[in-house]
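Peer 1: For reference, the file my_file.tsv (TSV, C-alpha atoms) is included below:
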chain	number	residue	atom	x	y	z
L	1	MET	CA	224.19	119.16	152.97
L	2	GLU	CA	227.91	118.51	153.46
L	3	ARG	CA	228.77	122.16	153.00
L	4	VAL	CA	226.22	123.24	155.59
L	5	ARG	CA	227.65	120.83	158.11
L	6	ASP	CA	231.21	122.00	157.36
L	7	SER	CA	230.39	125.62	157.80
L	8	SER	CA	228.45	125.03	160.99
L	9	THR	CA	231.42	123.09	162.42
L	10	ASP	CA	233.68	125.92	161.44
L	11	VAL	CA	231.41	128.45	163.05
L	12	ALA	CA	231.28	126.42	166.25
L	13	ALA	CA	235.06	126.15	166.30
L	14	ALA	CA	235.40	129.85	165.70
L	15	MET	CA	232.97	130.58	168.49
L	16	ALA	CA	234.94	128.37	170.85
L	17	GLU	CA	238.16	130.17	170.00
L	18	ASN	CA	236.42	133.51	170.35
L	19	LEU	CA	235.50	132.68	173.91
L	20	GLY	CA	239.21	132.38	174.74
L	21	ASP	CA	240.54	135.47	173.03
L	22	GLN	CA	238.31	138.25	171.75
L	23	GLY	CA	241.27	139.92	170.03
L	24	GLU	CA	241.73	137.08	167.56
L	25	THR	CA	238.24	137.41	166.05
L	26	VAL	CA	239.21	139.80	163.28
L	27	HIS	CA	242.14	137.66	162.29
L	28	HIS	CA	239.93	134.54	162.05
L	29	GLU	CA	237.31	136.28	159.89
L	30	LYS	CA	240.00	137.51	157.55
L	31	ARG	CA	241.48	134.06	157.16
L	32	HIS	CA	238.04	132.60	156.51
L	33	LYS	CA	237.29	135.02	153.70
L	34	ARG	CA	240.61	134.37	152.07
L	35	ASP	CA	240.26	130.57	152.17
L	36	MET	CA	236.66	130.40	150.90
L	37	ARG	CA	236.27	129.40	147.27
L	38	PRO	CA	233.65	131.25	145.21
L	39	ALA	CA	230.23	129.79	146.05
L	40	SER	CA	229.13	127.32	143.39
L	41	MET	CA	225.39	126.93	142.89
L	42	THR	CA	224.21	123.41	142.27
L	43	LEU	CA	220.65	122.43	141.51
L	44	ASN	CA	219.40	119.26	143.05
L	45	LEU	CA	218.02	117.39	140.02
L	46	THR	CA	217.20	114.12	141.75
L	47	SER	CA	213.52	114.83	142.40
L	48	MET	CA	212.98	116.19	138.92
L	49	ILE	CA	214.53	113.12	137.35
L	50	ASP	CA	212.30	110.97	139.58
L	51	VAL	CA	209.19	112.70	138.28
L	52	VAL	CA	210.37	112.64	134.68
L	53	PHE	CA	211.03	108.92	134.83
L	54	GLN	CA	207.61	108.32	136.35
L	55	LEU	CA	206.03	110.18	133.45
L	56	LEU	CA	208.13	108.33	130.91
L	57	ILE	CA	207.20	104.93	132.31
L	58	TYR	CA	203.53	105.92	132.43
L	59	PHE	CA	203.47	106.94	128.77
L	60	ILE	CA	205.42	103.90	127.62
L	61	LEU	CA	202.98	101.60	129.39
L	62	THR	CA	199.76	103.32	128.37
L	63	ILE	CA	200.54	104.00	124.75
L	64	ALA	CA	198.30	102.10	122.38
L	65	PHE	CA	199.79	101.71	118.97
L	66	VAL	CA	197.50	99.72	116.76
L	67	MET	CA	199.92	97.15	115.57
L	68	GLY	CA	199.20	94.76	112.79
L	69	GLU	CA	196.02	96.26	111.41
L	70	GLY	CA	195.63	96.90	107.72
L	71	ILE	CA	192.87	97.72	105.28
L	72	ILE	CA	191.17	96.18	102.28
L	73	THR	CA	189.98	98.85	99.91
L	74	ALA	CA	186.36	98.61	98.90
L	75	ASN	CA	184.40	100.74	96.49
L	76	LEU	CA	180.86	101.23	97.58
L	77	PRO	CA	178.32	102.00	94.92
L	78	THR	CA	177.18	105.56	95.42
L	79	GLY	CA	173.50	106.30	95.13
L	80	SER	CA	171.02	103.72	96.23
L	81	GLY	CA	173.52	101.66	98.15
L	82	VAL	CA	172.30	98.49	96.53
L	83	ALA	CA	174.54	97.11	93.84
L	84	ALA	CA	173.26	95.71	90.59
L	85	GLU	CA	169.90	94.65	91.92
L	86	SER	CA	167.92	96.52	89.31
L	87	ASP	CA	168.77	94.24	86.41
L	88	PRO	CA	168.09	90.64	87.30
L	89	LEU	CA	169.28	89.41	83.93
L	90	ALA	CA	172.73	90.94	84.23
L	91	GLN	CA	175.46	88.48	84.98
L	92	LYS	CA	176.50	88.61	88.56
L	93	ILE	CA	177.99	86.44	91.23
L	94	GLU	CA	176.11	86.38	94.47
L	95	ILE	CA	177.74	84.98	97.57
L	96	VAL	CA	175.22	84.12	100.26
L	97	LEU	CA	176.56	83.69	103.79
L	98	SER	CA	174.63	82.20	106.66
L	99	SER	CA	175.61	81.42	110.21
L	100	ALA	CA	176.14	77.90	111.45
L	101	GLY	CA	177.75	75.89	114.21
L	102	THR	CA	177.79	76.38	117.95
L	103	GLN	CA	176.29	79.70	118.98
L	104	GLY	CA	176.33	80.83	115.37
L	105	ILE	CA	180.05	81.45	115.18
L	106	GLY	CA	180.46	79.21	112.14
L	107	TYR	CA	179.41	79.95	108.59
L	108	ARG	CA	177.97	78.41	105.46
L	109	ILE	CA	178.78	79.71	101.97
L	110	ARG	CA	176.51	79.35	98.99
L	111	LEU	CA	176.81	80.78	95.51
L	112	GLU	CA	173.42	81.79	94.18
L	113	GLY	CA	172.37	79.62	91.26
L	114	MET	CA	175.29	77.22	91.55
L	115	ALA	CA	175.24	73.70	92.85
L	116	GLU	CA	178.81	73.71	94.05
L	117	ALA	CA	179.19	75.26	97.49
L	118	PRO	CA	182.63	76.13	98.83
L	119	THR	CA	183.35	74.89	102.33
L	120	ASN	CA	185.73	77.64	103.35
L	121	PHE	CA	186.99	80.98	102.13
L	122	THR	CA	190.13	79.59	100.53
L	123	SER	CA	188.02	77.33	98.31
L	124	LEU	CA	185.67	80.25	97.64
L	125	ALA	CA	188.64	82.27	96.37
L	126	GLU	CA	189.71	79.31	94.21
L	127	MET	CA	186.22	78.99	92.74
L	128	LEU	CA	186.00	82.68	91.95
L	129	THR	CA	189.44	82.57	90.34
L	130	ARG	CA	188.19	79.71	88.17
L	131	PHE	CA	185.19	81.76	87.06
L	132	ARG	CA	187.22	84.86	86.27
L	133	HIS	CA	187.98	85.39	82.63
L	134	ASP	CA	191.63	86.06	81.88
L	135	PRO	CA	192.80	85.84	78.25
L	136	ALA	CA	196.25	84.67	79.30
L	137	THR	CA	195.70	82.30	82.19
L	138	ASN	CA	192.03	81.42	82.16
L	139	PRO	CA	190.40	81.97	78.76
L	140	GLY	CA	187.56	79.62	79.70
L	141	GLY	CA	186.41	81.85	82.57
L	142	ILE	CA	183.02	83.38	81.95
L	143	TYR	CA	183.02	86.42	84.24
L	144	ASP	CA	184.78	89.65	83.39
L	145	PRO	CA	186.60	90.72	86.57
L	146	LYS	CA	186.16	94.43	85.85
L	147	GLU	CA	182.47	94.43	85.05
L	148	THR	CA	180.87	91.50	86.81
L	149	PRO	CA	179.46	92.56	90.14
L	150	VAL	CA	180.26	90.24	92.99
L	151	ILE	CA	177.60	90.75	95.61
L	152	ILE	CA	178.09	89.50	99.13
L	153	ARG	CA	174.79	88.86	100.82
L	154	PRO	CA	175.29	87.90	104.46
L	155	GLU	CA	172.43	87.09	106.74
L	156	GLY	CA	172.09	89.42	109.69
L	157	ASP	CA	173.55	87.07	112.28
L	158	VAL	CA	176.74	86.25	110.39
L	159	ARG	CA	179.83	87.39	112.25
L	160	TRP	CA	181.73	90.30	110.70
L	161	GLN	CA	184.90	88.22	110.34
L	162	HIS	CA	183.18	85.91	107.83
L	163	VAL	CA	181.81	88.85	105.86
L	164	VAL	CA	185.25	90.43	105.53
L	165	ASN	CA	186.68	87.01	104.70
L	166	ALA	CA	184.23	86.63	101.81
L	167	PHE	CA	185.15	90.11	100.61
L	168	ASN	CA	188.82	89.19	100.88
L	169	ALA	CA	188.21	86.05	98.80
L	170	ALA	CA	186.62	88.13	96.01
L	171	VAL	CA	189.55	90.56	96.12
L	172	THR	CA	191.97	87.61	96.05
L	173	ALA	CA	190.26	86.39	92.88
L	174	LYS	CA	190.89	89.89	91.43
L	175	PHE	CA	187.28	90.90	90.99
L	176	GLN	CA	187.04	94.66	91.07
L	177	ASN	CA	183.35	95.31	91.47
L	178	VAL	CA	182.67	93.80	94.87
L	179	ALA	CA	179.78	95.10	96.92
L	180	PHE	CA	177.61	94.23	99.86
L	181	ALA	CA	173.93	93.65	99.37
L	182	SER	CA	171.55	95.64	101.46
L	183	LYS	CA	169.74	93.88	104.25
L	184	GLN	CA	167.57	91.09	102.95
L	185	GLU	CA	163.91	92.05	102.95
Z	1	MET	CA	244.36	122.32	159.54
Z	2	SER	CA	245.83	122.24	156.07
Z	3	LYS	CA	243.83	123.25	152.97
Z	4	VAL	CA	243.87	119.71	151.61
Z	5	HIS	CA	242.27	118.32	154.73
Z	6	ARG	CA	239.65	121.05	154.96
Z	7	ARG	CA	238.45	120.49	151.36
Z	8	GLY	CA	237.94	116.78	152.02
Z	9	ALA	CA	237.83	113.98	149.43
Z	10	ALA	CA	237.06	114.86	145.80
Z	11	LYS	CA	233.36	114.42	145.04
Z	12	PRO	CA	232.70	112.96	141.57
Z	13	GLU	CA	229.73	114.55	139.81
Z	14	MET	CA	227.84	113.25	136.81
Z	15	ASN	CA	226.68	115.62	134.10
Z	16	LEU	CA	222.98	114.84	133.87
Z	17	THR	CA	222.09	117.41	131.22
Z	18	PRO	CA	222.17	115.11	128.14
Z	19	MET	CA	220.16	112.45	129.93
Z	20	ILE	CA	217.49	114.93	130.90
Z	21	ASP	CA	217.43	116.23	127.33
Z	22	VAL	CA	216.83	112.78	125.93
Z	23	THR	CA	214.23	111.93	128.56
Z	24	PHE	CA	212.26	115.08	127.81
Z	25	GLN	CA	212.36	114.32	124.11
Z	26	LEU	CA	210.93	110.87	124.82
Z	27	ILE	CA	208.20	112.26	127.05
Z	28	ILE	CA	207.15	114.81	124.46
Z	29	PHE	CA	207.11	112.11	121.77
Z	30	PHE	CA	204.93	109.77	123.82
Z	31	LEU	CA	202.62	112.62	124.84
Z	32	LEU	CA	201.97	113.61	121.25
Z	33	VAL	CA	201.69	110.12	119.82
Z	34	SER	CA	199.40	108.83	122.56
Z	35	ASN	CA	196.98	111.69	121.93
Z	36	ILE	CA	196.82	110.93	118.23
Z	37	ALA	CA	196.46	107.22	118.71
Z	38	GLN	CA	193.82	107.25	121.44
Z	39	ASP	CA	191.68	109.97	119.98
Z	40	GLN	CA	190.09	107.86	117.26
Z	41	LEU	CA	190.90	104.30	118.18
Z	42	VAL	CA	188.61	102.00	120.07
Z	43	GLU	CA	189.74	98.75	121.60
Z	44	MET	CA	188.52	95.78	119.61
Z	45	ARG	CA	189.75	92.74	117.74
Z	46	VAL	CA	189.46	93.19	114.01
Z	47	PRO	CA	188.84	90.21	111.70
Z	48	LYS	CA	191.54	87.64	111.09
Z	49	LEU	CA	191.44	86.57	107.46
Z	50	ASP	CA	192.43	83.47	105.52
Z	51	ASN	CA	195.13	84.52	103.07
Z	52	PRO	CA	194.66	88.26	103.78
Z	53	ARG	CA	194.97	90.88	101.07
Z	54	THR	CA	195.21	93.71	103.56
Z	55	ILE	CA	197.60	96.56	103.01
Z	56	GLU	CA	199.03	99.01	105.50
Z	57	ILE	CA	197.12	102.21	106.06
Z	58	GLY	CA	199.08	104.86	104.24
Z	59	GLU	CA	198.96	108.62	104.55
Z	60	ILE	CA	195.47	108.96	103.14
Z	61	PRO	CA	192.92	111.55	104.23
Z	62	LYS	CA	190.89	109.21	106.36
Z	63	LEU	CA	188.04	109.22	108.80
Z	64	ILE	CA	187.85	106.24	111.12
Z	65	ILE	CA	184.44	104.82	111.93
Z	66	SER	CA	184.57	102.40	114.84
Z	67	ILE	CA	181.68	100.24	115.89
Z	68	ILE	CA	182.29	100.07	119.62
Z	69	PRO	CA	181.73	96.46	120.73
Z	70	GLU	CA	179.79	95.54	123.87
Z	71	LYS	CA	182.79	93.61	125.10
Z	72	ALA	CA	186.17	93.72	123.40
Z	73	THR	CA	188.11	91.44	125.73
Z	74	ARG	CA	188.15	87.72	125.09
Z	75	GLU	CA	188.09	84.86	127.55
Z	76	PRO	CA	191.49	83.13	127.42
Z	77	GLY	CA	191.36	80.00	125.31
Z	78	ALA	CA	187.82	80.66	124.02
Z	79	ASP	CA	186.97	81.18	120.37
Z	80	PRO	CA	187.70	84.83	119.51
Z	81	LEU	CA	184.32	85.10	117.80
Z	82	LEU	CA	182.49	84.08	120.94
Z	83	VAL	CA	181.69	87.58	122.18
Z	84	PRO	CA	178.43	89.51	122.48
Z	85	PRO	CA	177.64	90.37	118.86
Z	86	GLY	CA	176.09	93.76	119.50
Z	87	ALA	CA	177.52	97.27	119.74
Z	88	LYS	CA	177.43	100.00	122.38
Z	89	ALA	CA	177.83	103.02	120.15
Z	90	ILE	CA	179.42	104.18	116.93
Z	91	LYS	CA	182.40	106.48	116.87
Z	92	VAL	CA	182.93	108.66	113.82
Z	93	GLY	CA	186.30	110.37	114.08
Z	94	SER	CA	186.27	111.59	117.67
Z	95	THR	CA	182.50	111.86	118.02
Z	96	ASP	CA	180.32	109.20	119.56
Z	97	PHE	CA	176.90	108.47	118.09
Z	98	GLU	CA	174.17	106.40	119.63
Z	99	LEU	CA	173.13	103.18	117.97
Z	100	GLY	CA	170.37	103.99	115.54
Z	101	ASP	CA	171.44	107.57	114.87
Z	102	TYR	CA	172.44	106.76	111.31
Z	103	ASP	CA	171.10	110.05	109.97
Z	104	GLY	CA	173.45	111.85	112.37
Z	105	ILE	CA	176.34	109.74	111.09
Z	106	THR	CA	175.43	110.54	107.48
Z	107	GLU	CA	175.36	114.27	108.30
Z	108	ALA	CA	178.75	114.06	109.99
Z	109	LEU	CA	180.14	112.25	106.95
Z	110	ILE	CA	178.69	114.82	104.55
Z	111	ASP	CA	180.37	117.57	106.61
Z	112	ALA	CA	183.66	115.69	106.49
Z	113	LYS	CA	183.32	115.24	102.74
Z	114	GLU	CA	182.65	118.94	102.22
Z	115	LYS	CA	185.85	119.75	104.08
Z	116	ASN	CA	187.84	117.17	102.16
Z	117	PRO	CA	186.29	115.66	99.01
Z	118	ASP	CA	189.01	112.97	98.83
Z	119	ILE	CA	188.25	111.60	102.26
Z	120	GLU	CA	188.25	107.84	102.70
Z	121	ILE	CA	186.44	105.90	105.38
Z	122	VAL	CA	188.23	103.30	107.46
Z	123	LEU	CA	185.61	101.03	108.98
Z	124	ARG	CA	186.65	99.18	112.12
Z	125	ALA	CA	184.33	96.58	113.56
Z	126	ASP	CA	184.93	93.70	115.94
Z	127	SER	CA	185.36	90.30	114.29
Z	128	GLY	CA	182.53	88.91	116.43
Z	129	ALA	CA	179.95	91.58	115.56
Z	130	TYR	CA	176.84	90.65	113.61
Z	131	PHE	CA	176.55	91.90	110.05
Z	132	ASP	CA	173.27	93.48	111.13
Z	133	VAL	CA	175.25	95.88	113.33
Z	134	VAL	CA	177.65	96.91	110.57
Z	135	ALA	CA	175.30	97.06	107.57
Z	136	PRO	CA	173.41	100.25	108.59
Z	137	VAL	CA	176.72	102.05	109.07
Z	138	MET	CA	177.77	101.06	105.57
Z	139	GLN	CA	174.46	102.35	104.27
Z	140	ALA	CA	175.05	105.63	106.12
Z	141	VAL	CA	178.41	105.91	104.34
Z	142	THR	CA	176.74	105.22	101.01
Z	143	ALA	CA	174.05	107.80	101.76
Z	144	ALA	CA	176.79	110.40	102.26
Z	145	LYS	CA	177.94	109.55	98.72
Z	146	ILE	CA	181.37	108.45	99.86
Z	147	SER	CA	182.46	105.56	97.70
Z	148	LYS	CA	185.83	104.80	99.25
Z	149	LEU	CA	185.38	102.47	102.17
Z	150	ASN	CA	188.25	100.55	103.64
Z	151	LEU	CA	187.58	97.51	105.78
Z	152	THR	CA	190.01	96.89	108.61
Z	153	ALA	CA	191.52	93.47	109.26
Z	154	PHE	CA	194.82	92.08	110.46
Z	155	LEU	CA	197.78	92.33	108.14
Z	156	PRO	CA	199.32	89.07	106.86
Z	157	GLY	CA	201.20	87.36	109.67
Z	158	GLU	CA	200.18	89.91	112.29
Z	159	ALA	CA	197.04	88.29	113.63
Z	160	PRO	CA	197.30	86.91	117.15
Z	161	ASP	CA	196.66	83.17	117.62
Could you write out this file's structure as structure tokens?

Peer 2:
Amino acid sequence: MERVRDSSTDVAAAMAENLGDQGETVHHEKRHKRDMRPASMTLNLTSMIDVVFQLLIYFILTIAFVMGEGIITANLPTGSGVAAESDPLAQKIEIVLSSAGTQGIGYRIRLEGMAEAPTNFTSLAEMLTRFRHDPATNPGGIYDPKETPVIIRPEGDVRWQHVVNAFNAAVTAKFQNVAFASKQE
Amino acid sequence: MSKVHRRGAAKPEMNLTPMIDVTFQLIIFFLLVSNIAQDQLVEMRVPKLDNPRTIEIGEIPKLIISIIPEKATREPGADPLLVPPGAKAIKVGSTDFELGDYDGITEALIDAKEKNPDIEIVLRADSGAYFDVVAPVMQAVTAAKISKLNLTAFLPGEAPD
């Protein structure tokens, strides 16, 4: 912008001088050529940087990293999809979940065939740990953690959080054969 | 007019090349990562557990199944479980399935298993969804004879209040 203005001023000045003396024109042109530095090309990057920053801000704001999520590994029984239901005499632990509270967002835990009912998932994990047989720490435990199926049987209107919490309690108690029962008939 | 006067004051110029380089690198990074992240992920709030045993998702060959909730956003201050308990659709990888199309889901899972026999399923469902909504999807996974199912929940200490 500056250069354009400079050159136009120069041209105007030259024209004014030319009006006075036509003979000087050649001399002026020569001097001009000698004084001019080689033309340097510059690219105006401002608009590009504007656009690039807009894009950058857009992507930073819209990016959706899923922070804080993890997984609990579960092994589903392949085949029928119903775990250990065929042999009613086999030892198993069955956790029955039902909904409770306002608008069914609460829960009630019951262990099939046991009088003691845990009130929350921490106490459920403690109970299951107590049942688990471990030669070193809990020789009195009656359930083998590798073999005994722990079946979680939630009612249909139990919220998913409680179901995963029950599963988490069984995993906390180090039971390895944890499965979900199929929908209650 | 002397040469010094005609040239005028010195104009300082900044070399913008490195900045533009870095900016482009950032843009390319965000472009690529956002595509990967948004392709399979659905907005929802996964369960918050008591004493969670969750582990980070490693570099496993995985297929994400998301049960798309009716409403993922929570009212401020309300119980996070107090949301409509149903689902809109089920997303397997990048494909959406209608509710009830469990045979279609099983077929898609069988295809995925044929391509990669070691594939593991990562099941994402909203914490407020009914078990009734999730159970048929688990049965569809079982029907495809995939035994590795990973349930998604918040990692220890990461769950929002």

Peer 1: Quick one, how far is CA of Asn165 in chain L from CA of Ile90 in chain Z?

Peer 2: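 So the answer is 22.3 Å.
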
Peer 1: With distances taken over only C-alpha atoms, which of Z:Ile60, Z:Ala89, Z:Ala125, Z:Ile119 is nearest to chain L?

Peer 2: Z:Ala125

Peer 1: Counting only C-alpha atoms, which residues have an atom no more than 10 Å from (170.8, 99.7, 113.5) in the file's coordinates? Please list them as a list in words.

Peer 2: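 Answer for this query, in the requested form: Gly86, Ala87, Glu98, Leu99, Gly100, Asp101, Tyr102, Asp132, Val133, Val134, Ala135, Pro136 and Val137 of chain Z.
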
Peer 1: Can you work out which one of Z:Leu109, Z:Asp96, Z:Glu59, Z:Arg53 has the shortest atom-to-atom distance to Lys174 in chain L, counting all atoms listed in the file?

Peer 2: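 So, comparing all the options, the nearest one is Z:Arg53.
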
Peer 1: Hey, list the chain L side of the contact with chain Z: 6 Å cut-off, only C-alpha atoms, answer as a list in words.

Peer 2: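 That gives the following set of residues: Leu56, Phe59, Ile63, Gly68, Glu69, Gly70, Ile71, Ile72, Thr73, Ala74, Asn75, Leu76, Thr78, Gly81, Gly156, Asp157, Val158, Arg159, Trp160, Gln161 and Asn165 of chain L.
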